[in-house]
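Shown here: structure_21.txt, compact mmCIF, C-alpha atoms and all ligand atoms.
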```txt
# COMPACT_ATOMS: atom_id res chain seq x y z
CA MET G 99 13.49 3.30 -12.04
CA VAL G 100 12.44 3.34 -8.40
CA GLN G 101 8.66 3.17 -8.01
CA GLN G 102 6.72 6.43 -7.64
CA SER G 103 5.56 7.27 -4.13
CA GLY G 104 2.36 5.61 -2.95
CA GLU G 105 1.82 3.37 -5.98
CA LYS G 106 0.95 -0.25 -5.13
CA LYS G 107 3.00 -2.92 -6.87
CA ILE G 108 3.29 -6.66 -7.00
CA VAL G 109 6.48 -8.50 -7.96
CA LYS G 110 7.21 -12.18 -8.50
CA ILE G 111 10.61 -13.36 -7.33
CA TYR G 112 11.75 -16.98 -7.18
CA PRO G 113 13.34 -17.78 -3.82
CA GLU G 114 16.10 -20.30 -3.10
CA VAL G 115 16.18 -22.85 -0.31
CA LYS G 116 19.69 -22.22 0.96
CA GLU G 117 21.21 -25.21 2.73
CA SER G 118 23.23 -22.92 5.00
CA ARG G 119 19.95 -21.63 6.47
CA LEU G 120 18.14 -24.95 6.40
CA SER G 121 20.68 -26.71 8.62
CA LYS G 122 19.75 -24.62 11.66
CA LEU G 123 16.03 -25.28 11.24
CA LEU G 124 16.67 -29.00 10.91
CA GLY G 125 18.44 -29.20 14.26
CA GLY G 126 22.03 -28.48 13.21
CA LYS G 127 24.16 -25.39 13.58
CA ALA G 128 23.93 -22.39 11.25
CA ASN G 129 25.94 -22.99 8.05
CA GLN G 130 26.57 -26.63 9.02
CA GLU G 131 26.72 -29.03 6.09
CA LEU G 132 23.62 -31.22 5.85
CA PRO G 133 23.97 -35.01 6.08
CA GLU G 134 23.67 -36.87 2.76
CA SER G 135 20.43 -38.52 3.95
CA ILE G 136 18.76 -35.08 4.23
CA ARG G 137 20.34 -33.86 1.01
CA SER G 138 18.91 -36.75 -0.95
CA LYS G 139 15.45 -36.00 0.53
CA LEU G 140 15.84 -32.38 -0.51
CA ARG G 141 16.64 -33.44 -4.06
CA VAL G 142 13.51 -35.60 -4.13
CA LEU G 143 11.36 -32.80 -2.67
CA GLU G 144 12.72 -29.99 -4.83
CA ASN G 145 10.29 -30.34 -7.75
CA LYS G 146 7.34 -30.83 -5.42
CA PHE G 147 8.35 -27.76 -3.43
CA ASN G 148 8.67 -25.62 -6.58
CA SER G 149 5.24 -26.73 -7.80
CA LEU G 150 3.64 -25.81 -4.45
CA ILE G 151 4.91 -22.27 -4.05
CA LYS G 152 3.42 -19.15 -5.62
CA PRO G 153 5.82 -16.46 -4.43
CA HIS G 154 4.59 -12.86 -4.54
CA ILE G 155 5.55 -9.59 -2.92
CA HIS G 156 3.08 -6.73 -2.66
CA TYR G 157 4.64 -3.42 -1.82
CA ARG G 158 4.18 0.32 -1.60
CA MET G 159 6.73 3.08 -1.35
CA VAL G 160 5.27 5.80 0.85
CA ASP G 161 6.13 9.25 2.19
CA PHE G 162 6.35 9.50 5.96
CA ARG G 163 7.44 11.69 8.84
CA VAL G 164 9.37 10.69 11.96
CA LYS G 165 7.85 12.34 15.02
CA ASP G 166 9.90 13.13 18.15
CA ASP G 167 8.27 10.46 20.32
CA GLY G 168 9.41 7.35 18.44
CA VAL G 169 6.46 7.38 16.04
CA ILE G 170 6.43 7.22 12.25
CA ARG G 171 3.43 8.87 10.63
CA ILE G 172 2.20 7.80 7.19
CA GLU G 173 -0.79 9.16 5.27
CA ARG G 174 -2.19 11.27 8.15
CA THR G 175 -3.83 8.44 10.09
CA ILE G 176 -1.28 5.61 10.27
CA GLU G 177 1.34 5.73 13.00
CA PHE G 178 3.96 2.99 13.50
CA GLU G 179 5.09 3.02 17.12
CA SER G 180 8.64 1.78 17.58
CA ARG G 181 11.52 3.84 18.90
CA ASN G 182 14.16 1.71 17.18
CA LEU G 183 12.32 1.73 13.85
CA SER G 184 11.94 5.51 13.98
CA GLU G 185 15.66 5.94 14.82
CA VAL G 186 16.61 3.79 11.82
CA MET G 187 14.29 5.79 9.53
CA LYS G 188 15.44 9.25 10.63
CA SER G 189 17.59 9.72 7.52
CA ALA G 190 15.20 7.89 5.15
CA GLU G 191 13.41 9.66 2.30
CA LYS G 192 10.81 6.96 1.61
CA LEU G 193 9.46 3.91 3.37
CA VAL G 194 8.98 0.64 1.50
CA CYS G 195 6.10 -1.35 3.06
CA PHE G 196 5.72 -4.93 1.85
CA ILE G 197 3.86 -8.21 2.33
CA GLY G 198 5.51 -11.28 0.82
CA THR G 199 4.16 -14.80 0.62
CA LEU G 200 4.79 -18.26 -0.83
CA GLY G 201 1.03 -18.87 -1.00
CA PRO G 202 -0.89 -21.62 0.82
CA GLY G 203 0.54 -24.66 -1.03
CA ILE G 204 3.26 -25.57 1.46
CA GLU G 205 1.09 -25.55 4.56
CA GLU G 206 -1.69 -27.47 2.79
CA GLU G 207 0.77 -30.17 1.77
CA VAL G 208 2.40 -30.22 5.22
CA GLY G 209 -1.07 -30.71 6.74
CA ALA G 210 -1.81 -33.57 4.33
CA LEU G 211 1.54 -35.27 5.08
CA MET G 212 0.95 -35.00 8.84
CA HIS G 213 -2.48 -36.50 8.36
CA HIS G 214 -0.78 -39.52 6.76
CA ASN G 215 1.86 -39.67 9.52
CA ASP G 216 4.65 -38.71 7.14
CA PHE G 217 6.22 -36.44 9.73
CA SER G 218 9.76 -36.35 8.37
CA GLU G 219 8.74 -35.14 4.89
CA ALA G 220 6.31 -32.66 6.48
CA TYR G 221 9.05 -31.32 8.75
CA ILE G 222 11.54 -30.86 5.90
CA LEU G 223 8.97 -29.27 3.58
CA ASP G 224 7.93 -26.86 6.31
CA ALA G 225 11.57 -25.91 6.98
CA MET G 226 12.14 -25.42 3.22
CA GLY G 227 9.19 -23.00 3.21
CA SER G 228 10.55 -21.00 6.16
CA VAL G 229 13.94 -20.65 4.47
CA ALA G 230 12.41 -19.78 1.09
CA VAL G 231 10.10 -17.03 2.38
CA GLU G 232 13.05 -15.40 4.15
CA ASP G 233 15.05 -15.62 0.92
CA LEU G 234 12.09 -14.14 -0.99
CA VAL G 235 12.10 -10.94 1.07
CA ASP G 236 15.93 -10.79 1.05
CA LYS G 237 15.88 -10.93 -2.75
CA PHE G 238 13.09 -8.34 -2.89
CA GLN G 239 15.05 -5.95 -0.68
CA GLN G 240 18.18 -6.55 -2.78
CA THR G 241 16.19 -5.81 -5.98
CA ILE G 242 15.00 -2.48 -4.57
CA LYS G 243 18.53 -1.74 -3.34
CA ASN G 244 19.95 -2.36 -6.82
CA GLU G 245 17.37 0.01 -8.32
CA CYS G 246 18.10 2.62 -5.65
CA GLU G 247 21.84 2.45 -6.26
CA ARG G 248 21.31 3.54 -9.86
CA GLU G 249 19.81 6.74 -8.40
CA GLY G 250 22.46 7.35 -5.73
CA LYS G 251 20.45 5.81 -2.89
CA THR G 252 20.48 2.68 -0.76
CA VAL G 253 18.28 0.90 1.80
CA THR G 254 18.19 0.61 5.60
CA LEU G 255 17.78 -2.45 7.79
CA ARG G 256 14.43 -4.25 7.47
CA PHE G 257 11.88 -4.41 10.31
CA SER G 258 8.80 -6.60 10.79
CA PRO G 259 5.95 -6.20 13.31
CA GLY G 260 6.58 -8.50 16.27
CA TYR G 261 10.37 -8.06 16.17
CA CYS G 262 12.60 -5.74 18.18
CA ASP G 263 10.41 -3.10 19.91
CA TRP G 264 7.76 -3.04 17.16
CA PRO G 265 4.65 -4.80 18.56
CA LEU G 266 2.97 -7.56 16.54
CA THR G 267 -0.35 -5.66 16.83
CA GLU G 268 1.15 -3.00 14.51
CA GLN G 269 0.63 -5.56 11.75
CA LYS G 270 -2.93 -4.17 11.42
CA LYS G 271 -1.59 -0.73 10.56
CA LEU G 272 0.81 -2.16 7.98
CA PHE G 273 -1.99 -4.18 6.36
CA SER G 274 -4.21 -1.08 6.26
CA LEU G 275 -1.88 0.30 3.56
CA PHE G 276 -3.11 -2.43 1.19
CA GLU G 277 -6.53 -3.35 -0.18
CA PRO G 278 -7.42 -6.80 1.28
CA GLU G 279 -8.73 -7.98 -2.11
CA ASP G 280 -5.43 -7.06 -3.81
CA ILE G 281 -3.14 -9.10 -1.60
CA LEU G 282 -2.91 -12.86 -1.28
CA VAL G 283 -2.36 -12.76 2.49
CA GLN G 284 -5.03 -12.55 5.17
CA LEU G 285 -4.39 -11.01 8.57
CA LEU G 286 -5.96 -13.04 11.37
CA ASP G 287 -7.36 -11.55 14.60
CA SER G 288 -4.20 -12.84 16.33
CA CYS G 289 -2.18 -10.60 13.95
CA LEU G 290 -0.57 -13.69 12.45
CA MET G 291 -0.73 -14.14 8.69
CA GLN G 292 -2.41 -16.73 6.52
CA PRO G 293 -0.69 -18.31 4.56
CA VAL G 294 1.82 -18.91 7.33
CA LYS G 295 4.78 -18.74 4.97
CA SER G 296 4.44 -14.97 4.66
CA ILE G 297 6.54 -12.06 5.90
CA SER G 298 5.52 -8.42 6.19
CA GLY G 299 7.74 -5.48 6.99
CA VAL G 300 9.28 -2.16 6.09
CA PHE G 301 12.63 -0.68 5.17
CA GLY G 302 13.74 2.82 4.28
CA ILE G 303 15.41 4.39 1.26
CA VAL G 304 18.26 6.72 2.14
CA PRO G 305 20.83 8.73 0.19
CA GLN G 306 24.03 6.71 -0.42
CA GLY G 307 26.67 7.60 2.16
CA SER G 308 24.09 8.04 4.96
CA ILE G 309 25.01 6.52 8.31
CA LEU G 310 22.93 3.33 8.49
CA TYR G 311 21.93 3.05 12.14
CA ASN G 312 21.67 -0.44 13.62
CA PRO G 313 19.95 -0.41 17.05
CA CYS G 314 21.44 -3.83 17.89
CA THR G 315 24.84 -2.20 18.39
CA ASP G 316 23.38 -0.33 21.41
CA CYS G 317 21.26 -3.18 22.76
CA ASP G 318 22.14 -5.57 25.60
CA ASP G 319 19.62 -8.23 24.62
CA ARG G 320 22.18 -10.91 23.65
CA ALA G 321 19.49 -13.62 23.46
CA CYS G 322 17.41 -11.75 20.86
CA LYS G 323 16.83 -13.95 17.79
CA ALA G 324 16.48 -10.88 15.59
CA ARG G 325 19.89 -9.51 16.58
CA ARG G 326 21.80 -8.18 13.56
CA ILE G 327 25.48 -7.68 14.22
S1 LIG M 1 19.09 -7.08 19.66
FE1 LIG M 1 18.48 -5.72 17.99
S2 LIG M 1 16.56 -6.58 17.20
FE2 LIG M 1 16.92 -7.50 19.21
S3 LIG M 1 15.77 -6.17 20.66
FE3 LIG M 1 17.89 -5.43 20.58
S4 LIG M 1 17.83 -3.81 19.03
FE4 LIG M 1 16.01 -5.03 18.73
```
Spit out the file's structure as structure tokens when you get a sec.
Amino acid sequence: MVQQSGEKKIVKIYPEVKESRLSKLLGGKANQELPESIRSKLRVLENKFNSLIKPHIHYRMVDFRVKDDGVIRIERTIEFESRNLSEVMKSAEKLVCFIGTLGPGIEEEVGALMHHNDFSEAYILDAMGSVAVEDLVDKFQQTIKNECEREGKTVTLRFSPGYCDWPLTEQKKLFSLFEPEDILVQLLDSCLMQPVKSISGVFGIVPQGSILYNPCTDCDDRACKARRI
């Protein structure tokens, strides 16, 4: 059953460290096979990695209204300002707002390894964390999508503050939907998150069969790292 509007929820999902994603972060090409030397390090680090992460997703499903000027209004006072986000959400019935994290374990261990000049293990562990937190929110979105499909609905593309035309400073508005003491992520004055291996964002819930708009199809920014085509 899809969550009732407004209710705050926390889910635990165990992410995977997909080699196809890791290769790019470790200096190779996307989907390139990793050399055996790296693979054997990954096998050694796997148990340590799993003992360091505490993956959680906090989320709320909220009602909202898309205004004409590229603004999404939630709960009277919160307005997300992004033309592309508002275009994507035009056919959405609800907005899922989330903050996902692996907890502080990875960055603490990476810091300790750097302190002892073990740069290669620190580098690999850090890359494993980046891949895993991305997988965490992918799996979360897929879980909500599966629930939605049982009710004749599906989900839109996902957006995060700081990507596309949604400014990073909007992170403060997204965090204001959650009680600071309920979530395991702190928002710094710079609008970056602590723990670092955290991702916040939103996606919409739309009736199945809706046209799912992707702003990247109309965008000339070929160098954009967030491009989804
Ligand atoms: S390529 Fe896509 S994500 Fe990047 S700026 Fe353009 S619309 Fe936004």
Inset, instruction - Please write out the residues within 9 Å of ligand LIG 1 (chain M) as a list in words, counting all atoms listed in the file. - result: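 Sorted by chain and then by number, the residues are Asn182, Phe257, Tyr261, Cys262, Asp263, Trp264, Asn312, Pro313, Cys314, Thr315, Asp316, Cys317, Asp318, Asp319, Arg320, Ala321, Cys322, Lys323, Ala324, Arg325, Arg326 and Ile327 of chain G.
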Given the selection you just returned, output its residues as a file containing C-alpha atoms, formatted as an mmCIF file, in the coordinates of the input.
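Everything below was put into part_23.cif:
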```cif
data_model
loop_
_atom_site.group_PDB
_atom_site.id
_atom_site.type_symbol
_atom_site.label_atom_id
_atom_site.label_comp_id
_atom_site.auth_asym_id
_atom_site.auth_seq_id
_atom_site.Cartn_x
_atom_site.Cartn_y
_atom_site.Cartn_z
ATOM 1 C CA ASN G 182 14.160 1.710 17.180
ATOM 2 C CA PHE G 257 11.880 -4.410 10.310
ATOM 3 C CA TYR G 261 10.370 -8.060 16.170
ATOM 4 C CA CYS G 262 12.600 -5.740 18.180
ATOM 5 C CA ASP G 263 10.410 -3.100 19.910
ATOM 6 C CA TRP G 264 7.760 -3.040 17.160
ATOM 7 C CA ASN G 312 21.670 -0.440 13.620
ATOM 8 C CA PRO G 313 19.950 -0.410 17.050
ATOM 9 C CA CYS G 314 21.440 -3.830 17.890
ATOM 10 C CA THR G 315 24.840 -2.200 18.390
ATOM 11 C CA ASP G 316 23.380 -0.330 21.410
ATOM 12 C CA CYS G 317 21.260 -3.180 22.760
ATOM 13 C CA ASP G 318 22.140 -5.570 25.600
ATOM 14 C CA ASP G 319 19.620 -8.230 24.620
ATOM 15 C CA ARG G 320 22.180 -10.910 23.650
ATOM 16 C CA ALA G 321 19.490 -13.620 23.460
ATOM 17 C CA CYS G 322 17.410 -11.750 20.860
ATOM 18 C CA LYS G 323 16.830 -13.950 17.790
ATOM 19 C CA ALA G 324 16.480 -10.880 15.590
ATOM 20 C CA ARG G 325 19.890 -9.510 16.580
ATOM 21 C CA ARG G 326 21.800 -8.180 13.560
ATOM 22 C CA ILE G 327 25.480 -7.680 14.220
#
```
Legend entry - Polymer residues at most 12 Å from Glu134 of chain G, all atoms listed in the file, same-chain spacing of 6 or more positions, as a list of chain:residue names: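 Final neighbour list, sorted by chain and number: G:Glu117, G:Leu140, G:Arg141.
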Legend entry - Between atom CA of Gly299 of chain G and atom CA of Asn129 of chain G, distance in Å (one decimal):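 Result for atom CA of Gly299 of chain G versus atom CA of Asn129 of chain G: 25.3 Å, one decimal.
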Edge lengths and centre in Å, axis-aligned, segment 109-114 of chain G plus 3 Å each side, as lines of an AutoDock Vina configuration file:
```
center_x = 11.3
center_y = -14.4
center_z = -5.8
size_x = 15.6
size_y = 17.8
size_z = 11.4
```
Inset, instruction - For atom CA of Phe196 of chain G and atom CA of Leu124 of chain G, determine how far apart the two atoms are, in Å to one decimal place. - result: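 Computing the Euclidean distance for atom CA of Phe196 of chain G and atom CA of Leu124 of chain G yields 28.0 Å.
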